[in-house]
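Peer 1: The structure is given below, and queries will be raised subsequently.
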Amino acid sequence: MHAMAVTLEGPGRLALKRLELHAVEASDVVVSIHWSGVSTGTEKLLWTGEMPPFPGMGYPLVPGYESVGRIVDAGPDAQGRIGEWVFVPGASCYADARGLFGGAAKTLIVPSARALPIPESLAEQGVLFALAATAQHALAGGEPPDLIVGHGVLGRLLARMTIAAGAPAPTVWDNKAHRRTGAIGYDVIAPKDDDRHDYHAIYDASGSSDVIDILIGRLARQGEIVLAGFYANRISFAFPAAFQREARLRVAAEWQPEDLAATHTLIESGALDLAGLVTDVAPASDARTAYPTAFEDQECLKLVLDWSELA
């Protein structure tokens, strides 16, 4: 079996290639992908060559961990799942490319347990399950945020999920004026316009390693900073201010299956609205131009590839 896939040959070098897939195992499902999201965090680091050493790194690789489509075939132990509409958080099914993270392809072969049934009615918004589960994982580890830094998709999901959980609406910071729009039930302001210095839980969704000293200066005593993004550079901070506040620092790592299940419940119940987060949809055949758009166009929040026209 073969599939068309986005392949990063090296930093800044992207191709759309037909790749050989591994054989289908007994408990595997074969998913025909309709949409796959482009991550402006980890995938941008792969694109620029700034990705720190990471298990599975190397080129050529297939990026992507936000894919949605239909199960069209399966091994003998998973035949009953044929026809389901599912979210797939990446795949490692390629004979001649690394699967980090492996989701940007027309056809994926994954263990049945990695294919999460979701409503087909979500359409391209279904790719947001991974980011929403990332936000859920960060939130599940401590107090709800009273300050969120960064109003990209992750920051917006953190804010929406905080409100959905019944917590007070957080303040959100963003330096870019065009990113301070689109808030639902909370305020987005420039950091310079905020004089508060007693935040108890600050969630950083900016991915910037340069903000830690600034955030420590905004903490209440024994407050916590949660690193919810992915950071290419070393994290450092001046100790005296952190000492005076007895500051805590928590790293929110990759989401777990229970986070995906909790996110599914929030979306299915209507408590979490995904509207307005996908801003761009491009044919997968235009992947070479779509990826730079996702990374460089300041008006683009989330870009999704449409694989429906590719055989």
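Here's how to read the names in the structure tokens: chain A, B, ... by the order shown, residue numbers from 1 in each chain, ligand numbers from 1 in the order shown.
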Leaving out His34 of chain A and any residue of its chain fewer than 4 positions from it, which residues lie within 7 Å of it when counting only C-alpha atoms, given as a VMD selection string?
Peer 2: chain A and resid 68 to 69 306 to 308
Peer 1: Return as a Markdown table the residues of segment 109-151 of chain A lying at most 9 Å from segment 271-293 of chain A, together with the closest atom-to-atom pair for each and the distance in Å to one decimal, counting only C-alpha atoms, with rows in chain order and ascending residue number.
Peer 2:
```
| residue | atom | partner | partner_atom | distance |
| --- | --- | --- | --- | --- |
| A:Leu122 | CA | A:Leu274 | CA | 8.7 |
| A:Glu124 | CA | A:Val278 | CA | 7.6 |
| A:Gln125 | CA | A:Leu274 | CA | 6.5 |
| A:Gly126 | CA | A:Leu274 | CA | 8.6 |
| A:Leu128 | CA | A:Leu274 | CA | 7.6 |
```
Peer 1: Please produce a file of the residues just selected, as a PDB file, in the first residue's frame, where the atoms kept are N, CA, C and O atoms.
Peer 2:
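File produced: out-v4.pdb:
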```
ATOM      1  N   LEU A 122     -18.058  18.027  12.760  1.00  0.00           N
ATOM      2  CA  LEU A 122     -17.031  19.006  13.115  1.00  0.00           C
ATOM      3  C   LEU A 122     -16.228  19.452  11.900  1.00  0.00           C
ATOM      4  O   LEU A 122     -15.595  20.515  11.929  1.00  0.00           O
ATOM      5  N   GLU A 124     -13.507  20.360   9.353  1.00  0.00           N
ATOM      6  CA  GLU A 124     -12.084  20.654   9.534  1.00  0.00           C
ATOM      7  C   GLU A 124     -11.725  21.024  10.974  1.00  0.00           C
ATOM      8  O   GLU A 124     -10.565  20.928  11.374  1.00  0.00           O
ATOM      9  N   GLN A 125     -12.721  21.414  11.774  1.00  0.00           N
ATOM     10  CA  GLN A 125     -12.441  21.742  13.174  1.00  0.00           C
ATOM     11  C   GLN A 125     -11.993  20.512  13.974  1.00  0.00           C
ATOM     12  O   GLN A 125     -11.393  20.655  15.041  1.00  0.00           O
ATOM     13  N   GLY A 126     -12.252  19.336  13.458  1.00  0.00           N
ATOM     14  CA  GLY A 126     -11.846  18.123  14.146  1.00  0.00           C
ATOM     15  C   GLY A 126     -10.350  18.009  14.352  1.00  0.00           C
ATOM     16  O   GLY A 126      -9.897  17.328  15.280  1.00  0.00           O
ATOM     17  N   LEU A 128      -8.507  20.043  15.617  1.00  0.00           N
ATOM     18  CA  LEU A 128      -8.126  20.776  16.825  1.00  0.00           C
ATOM     19  C   LEU A 128      -8.121  19.911  18.081  1.00  0.00           C
ATOM     20  O   LEU A 128      -7.773  20.396  19.168  1.00  0.00           O
TER      21      LEU A 128
END
```
Peer 1: As a VMD selection string, list the residues of segment 39-103 of chain A assigned to strand (DSSP E) by DSSP on the backbone atoms of this structure.
Peer 2: chain A and resid 67 to 74 85 to 88
Peer 1: I'd like the interatomic distance between atom CA of Val304 of chain A and atom CA of Tyr65 of chain A, to a tenth of an Å.
Peer 2: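 Computed distance, atom CA of Val304 of chain A to atom CA of Tyr65 of chain A, equals 11.8 Å.
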Peer 1: Set the distance at 6 Å and use only C-alpha atoms: which residues neighbour Val127 of chain A once local chain neighbours fewer than 3 positions away are removed? I'd like the list as a list in words.
Peer 2: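 My list of contacting residues is Gly37, Glu66 and Ser67 of chain A.
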Peer 1: Generate the output file for the selected residues, C-alpha atoms, as a compact mmCIF listing (two decimals), in the first residue's frame.
Peer 2:
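The result, stored in result_12.txt:
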```
# COMPACT_ATOMS: atom_id res chain seq x y z
CA GLY A 37 -3.70 20.48 10.56
CA GLU A 66 -3.80 16.47 13.74
CA SER A 67 -5.60 14.34 11.16
```
Peer 1: May I ask for the distance between atom CA of Thr40 of chain A and atom CA of Arg248 of chain A, given in Å to one decimal place?
Peer 2: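 Rounded to one decimal, the two atoms are 27.3 Å apart.
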Peer 1: What lies within 10 Å of segment 71-86 of chain A using only C-alpha atoms, ignoring chain neighbours under 2 positions off, as a PDB file with N, CA, C and O atoms, in the first residue's frame?
Peer 2:
```pdb
ATOM      1  N   ALA A  23       2.722  -2.981   6.233  1.00  0.00           N
ATOM      2  CA  ALA A  23       1.564  -3.871   6.108  1.00  0.00           C
ATOM      3  C   ALA A  23       0.599  -3.647   7.272  1.00  0.00           C
ATOM      4  O   ALA A  23       0.984  -3.257   8.372  1.00  0.00           O
ATOM      5  N   VAL A  24      -0.674  -3.907   7.022  1.00  0.00           N
ATOM      6  CA  VAL A  24      -1.713  -3.770   8.038  1.00  0.00           C
ATOM      7  C   VAL A  24      -1.657  -4.959   8.992  1.00  0.00           C
ATOM      8  O   VAL A  24      -1.716  -6.116   8.568  1.00  0.00           O
ATOM      9  N   GLU A  25      -1.528  -4.672  10.294  1.00  0.00           N
ATOM     10  CA  GLU A  25      -1.520  -5.715  11.308  1.00  0.00           C
ATOM     11  C   GLU A  25      -2.949  -6.034  11.744  1.00  0.00           C
ATOM     12  O   GLU A  25      -3.908  -5.340  11.392  1.00  0.00           O
ATOM     13  N   ALA A  26      -3.093  -7.071  12.552  1.00  0.00           N
ATOM     14  CA  ALA A  26      -4.423  -7.577  12.903  1.00  0.00           C
ATOM     15  C   ALA A  26      -5.311  -6.535  13.564  1.00  0.00           C
ATOM     16  O   ALA A  26      -6.525  -6.480  13.324  1.00  0.00           O
ATOM     17  N   SER A  27      -4.727  -5.689  14.422  1.00  0.00           N
ATOM     18  CA  SER A  27      -5.537  -4.715  15.157  1.00  0.00           C
ATOM     19  C   SER A  27      -5.436  -3.307  14.574  1.00  0.00           C
ATOM     20  O   SER A  27      -5.863  -2.342  15.212  1.00  0.00           O
ATOM     21  N   ASP A  28      -4.883  -3.172  13.375  1.00  0.00           N
ATOM     22  CA  ASP A  28      -4.743  -1.865  12.741  1.00  0.00           C
ATOM     23  C   ASP A  28      -6.016  -1.448  12.017  1.00  0.00           C
ATOM     24  O   ASP A  28      -6.829  -2.286  11.604  1.00  0.00           O
ATOM     25  N   VAL A  29      -6.141  -0.121  11.823  1.00  0.00           N
ATOM     26  CA  VAL A  29      -7.172   0.419  10.943  1.00  0.00           C
ATOM     27  C   VAL A  29      -6.495   1.257   9.861  1.00  0.00           C
ATOM     28  O   VAL A  29      -5.410   1.815  10.076  1.00  0.00           O
ATOM     29  N   VAL A  30      -7.138   1.300   8.710  1.00  0.00           N
ATOM     30  CA  VAL A  30      -6.659   2.118   7.593  1.00  0.00           C
ATOM     31  C   VAL A  30      -7.600   3.311   7.480  1.00  0.00           C
ATOM     32  O   VAL A  30      -8.807   3.146   7.310  1.00  0.00           O
ATOM     33  N   VAL A  31      -7.038   4.511   7.590  1.00  0.00           N
ATOM     34  CA  VAL A  31      -7.852   5.726   7.614  1.00  0.00           C
ATOM     35  C   VAL A  31      -7.570   6.562   6.372  1.00  0.00           C
ATOM     36  O   VAL A  31      -6.413   6.898   6.078  1.00  0.00           O
ATOM     37  N   SER A  32      -8.638   6.880   5.643  1.00  0.00           N
ATOM     38  CA  SER A  32      -8.541   7.811   4.524  1.00  0.00           C
ATOM     39  C   SER A  32      -8.708   9.223   5.094  1.00  0.00           C
ATOM     40  O   SER A  32      -9.788   9.582   5.573  1.00  0.00           O
ATOM     41  N   ILE A  33      -7.628   9.993   5.060  1.00  0.00           N
ATOM     42  CA  ILE A  33      -7.620  11.304   5.705  1.00  0.00           C
ATOM     43  C   ILE A  33      -8.296  12.348   4.817  1.00  0.00           C
ATOM     44  O   ILE A  33      -8.061  12.412   3.608  1.00  0.00           O
ATOM     45  N   HIS A  34      -9.149  13.169   5.449  1.00  0.00           N
ATOM     46  CA  HIS A  34      -9.786  14.271   4.737  1.00  0.00           C
ATOM     47  C   HIS A  34      -9.104  15.594   5.062  1.00  0.00           C
ATOM     48  O   HIS A  34      -8.873  16.401   4.176  1.00  0.00           O
ATOM     49  N   SER A  67      -4.975  14.840  12.386  1.00  0.00           N
ATOM     50  CA  SER A  67      -5.599  14.344  11.161  1.00  0.00           C
ATOM     51  C   SER A  67      -6.988  13.779  11.430  1.00  0.00           C
ATOM     52  O   SER A  67      -7.239  13.201  12.491  1.00  0.00           O
ATOM     53  N   VAL A  68      -7.862  13.967  10.448  1.00  0.00           N
ATOM     54  CA  VAL A  68      -9.257  13.548  10.570  1.00  0.00           C
ATOM     55  C   VAL A  68      -9.676  12.853   9.278  1.00  0.00           C
ATOM     56  O   VAL A  68      -9.361  13.319   8.182  1.00  0.00           O
ATOM     57  N   GLY A  69     -10.370  11.719   9.412  1.00  0.00           N
ATOM     58  CA  GLY A  69     -10.846  11.022   8.219  1.00  0.00           C
ATOM     59  C   GLY A  69     -11.687   9.809   8.576  1.00  0.00           C
ATOM     60  O   GLY A  69     -12.135   9.659   9.714  1.00  0.00           O
ATOM     61  N   VAL A  88      -6.971  11.173  14.268  1.00  0.00           N
ATOM     62  CA  VAL A  88      -5.743  10.378  14.388  1.00  0.00           C
ATOM     63  C   VAL A  88      -4.593  11.305  14.795  1.00  0.00           C
ATOM     64  O   VAL A  88      -4.245  12.225  14.053  1.00  0.00           O
ATOM     65  N   PRO A  89      -3.984  11.077  15.955  1.00  0.00           N
ATOM     66  CA  PRO A  89      -2.906  11.944  16.437  1.00  0.00           C
ATOM     67  C   PRO A  89      -1.533  11.535  15.914  1.00  0.00           C
ATOM     68  O   PRO A  89      -0.583  11.353  16.684  1.00  0.00           O
ATOM     69  N   THR A 107      -3.444   8.615   3.373  1.00  0.00           N
ATOM     70  CA  THR A 107      -3.839   7.356   4.005  1.00  0.00           C
ATOM     71  C   THR A 107      -2.904   7.062   5.169  1.00  0.00           C
ATOM     72  O   THR A 107      -1.681   7.181   5.036  1.00  0.00           O
ATOM     73  N   LEU A 108      -3.485   6.693   6.303  1.00  0.00           N
ATOM     74  CA  LEU A 108      -2.704   6.336   7.479  1.00  0.00           C
ATOM     75  C   LEU A 108      -3.093   4.946   7.954  1.00  0.00           C
ATOM     76  O   LEU A 108      -4.261   4.559   7.878  1.00  0.00           O
ATOM     77  N   ILE A 109      -2.105   4.209   8.450  1.00  0.00           N
ATOM     78  CA  ILE A 109      -2.346   2.922   9.100  1.00  0.00           C
ATOM     79  C   ILE A 109      -1.905   3.069  10.550  1.00  0.00           C
ATOM     80  O   ILE A 109      -0.744   3.389  10.825  1.00  0.00           O
ATOM     81  N   VAL A 110      -2.839   2.872  11.469  1.00  0.00           N
ATOM     82  CA  VAL A 110      -2.541   3.052  12.894  1.00  0.00           C
ATOM     83  C   VAL A 110      -3.212   1.944  13.694  1.00  0.00           C
ATOM     84  O   VAL A 110      -4.213   1.361  13.261  1.00  0.00           O
ATOM     85  N   PRO A 111      -2.700   1.642  14.888  1.00  0.00           N
ATOM     86  CA  PRO A 111      -3.427   0.731  15.769  1.00  0.00           C
ATOM     87  C   PRO A 111      -4.818   1.284  16.053  1.00  0.00           C
ATOM     88  O   PRO A 111      -5.006   2.494  16.191  1.00  0.00           O
ATOM     89  N   SER A 112      -5.778   0.416  16.146  1.00  0.00           N
ATOM     90  CA  SER A 112      -7.167   0.833  16.334  1.00  0.00           C
ATOM     91  C   SER A 112      -7.326   1.782  17.515  1.00  0.00           C
ATOM     92  O   SER A 112      -8.118   2.731  17.459  1.00  0.00           O
ATOM     93  N   ALA A 113      -6.576   1.558  18.587  1.00  0.00           N
ATOM     94  CA  ALA A 113      -6.714   2.381  19.793  1.00  0.00           C
ATOM     95  C   ALA A 113      -6.322   3.829  19.559  1.00  0.00           C
ATOM     96  O   ALA A 113      -6.715   4.706  20.339  1.00  0.00           O
ATOM     97  N   ARG A 114      -5.553   4.115  18.509  1.00  0.00           N
ATOM     98  CA  ARG A 114      -5.121   5.490  18.240  1.00  0.00           C
ATOM     99  C   ARG A 114      -6.095   6.252  17.361  1.00  0.00           C
ATOM    100  O   ARG A 114      -5.850   7.425  17.039  1.00  0.00           O
ATOM    101  N   ALA A 115      -7.178   5.639  16.963  1.00  0.00           N
ATOM    102  CA  ALA A 115      -8.183   6.298  16.133  1.00  0.00           C
ATOM    103  C   ALA A 115      -9.406   6.604  16.996  1.00  0.00           C
ATOM    104  O   ALA A 115     -10.142   5.695  17.388  1.00  0.00           O
ATOM    105  N   LEU A 116      -9.607   7.884  17.308  1.00  0.00           N
ATOM    106  CA  LEU A 116     -10.673   8.310  18.215  1.00  0.00           C
ATOM    107  C   LEU A 116     -11.916   8.693  17.428  1.00  0.00           C
ATOM    108  O   LEU A 116     -11.863   9.611  16.605  1.00  0.00           O
ATOM    109  N   PRO A 117     -13.048   8.040  17.660  1.00  0.00           N
ATOM    110  CA  PRO A 117     -14.277   8.433  16.964  1.00  0.00           C
ATOM    111  C   PRO A 117     -14.683   9.855  17.344  1.00  0.00           C
ATOM    112  O   PRO A 117     -14.690  10.217  18.525  1.00  0.00           O
ATOM    113  N   ILE A 118     -14.983  10.673  16.347  1.00  0.00           N
ATOM    114  CA  ILE A 118     -15.452  12.036  16.596  1.00  0.00           C
ATOM    115  C   ILE A 118     -16.612  12.333  15.648  1.00  0.00           C
ATOM    116  O   ILE A 118     -16.780  11.654  14.634  1.00  0.00           O
ATOM    117  N   PRO A 119     -17.414  13.356  15.947  1.00  0.00           N
ATOM    118  CA  PRO A 119     -18.523  13.693  15.048  1.00  0.00           C
ATOM    119  C   PRO A 119     -18.015  14.188  13.695  1.00  0.00           C
ATOM    120  O   PRO A 119     -17.171  15.092  13.632  1.00  0.00           O
ATOM    121  N   GLU A 120     -18.528  13.628  12.630  1.00  0.00           N
ATOM    122  CA  GLU A 120     -18.145  14.080  11.296  1.00  0.00           C
ATOM    123  C   GLU A 120     -18.571  15.527  11.061  1.00  0.00           C
ATOM    124  O   GLU A 120     -17.967  16.250  10.264  1.00  0.00           O
ATOM    125  N   SER A 121     -19.596  15.963  11.779  1.00  0.00           N
ATOM    126  CA  SER A 121     -20.110  17.320  11.619  1.00  0.00           C
ATOM    127  C   SER A 121     -19.103  18.395  12.014  1.00  0.00           C
ATOM    128  O   SER A 121     -19.258  19.565  11.636  1.00  0.00           O
ATOM    129  N   GLY A 126     -12.252  19.336  13.458  1.00  0.00           N
ATOM    130  CA  GLY A 126     -11.846  18.123  14.146  1.00  0.00           C
ATOM    131  C   GLY A 126     -10.350  18.009  14.352  1.00  0.00           C
ATOM    132  O   GLY A 126      -9.897  17.328  15.280  1.00  0.00           O
ATOM    133  N   VAL A 127      -9.544  18.698  13.520  1.00  0.00           N
ATOM    134  CA  VAL A 127      -8.086  18.617  13.675  1.00  0.00           C
ATOM    135  C   VAL A 127      -7.635  19.262  14.979  1.00  0.00           C
ATOM    136  O   VAL A 127      -6.501  19.041  15.421  1.00  0.00           O
TER     137      VAL A 127
END
```
Peer 1: Output as a ChimeraX atom specification all residues of segment 35-205 of chain A that backbone DSSP marks as alpha helix (DSSP H).
Peer 2: /A:42-48,129-140,153-164
Peer 1: Please report the interatomic distance between atom CA of Glu299 of chain A and atom CA of Thr171 of chain A in Å with one decimal.
Peer 2: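 About the pair atom CA of Glu299 of chain A and atom CA of Thr171 of chain A: they are 21.8 Å apart.
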Peer 1: For each of A:Phe87, A:Val149, A:Thr7, A:Arg18, take the minimum atom-to-atom distance to Gly99 of chain A, counting only C-alpha atoms, then give the residue where this is smallest.
Peer 2: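 Answer, going by the shortest atom-to-atom distance: A:Thr7.
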Peer 1: So, counting only C-alpha atoms, which residue among A:Arg70, A:His151, A:Arg160, A:Arg196 is closest to Arg179 of chain A?
Peer 2: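 Closest to Arg179 of chain A of all the choices is A:His151.
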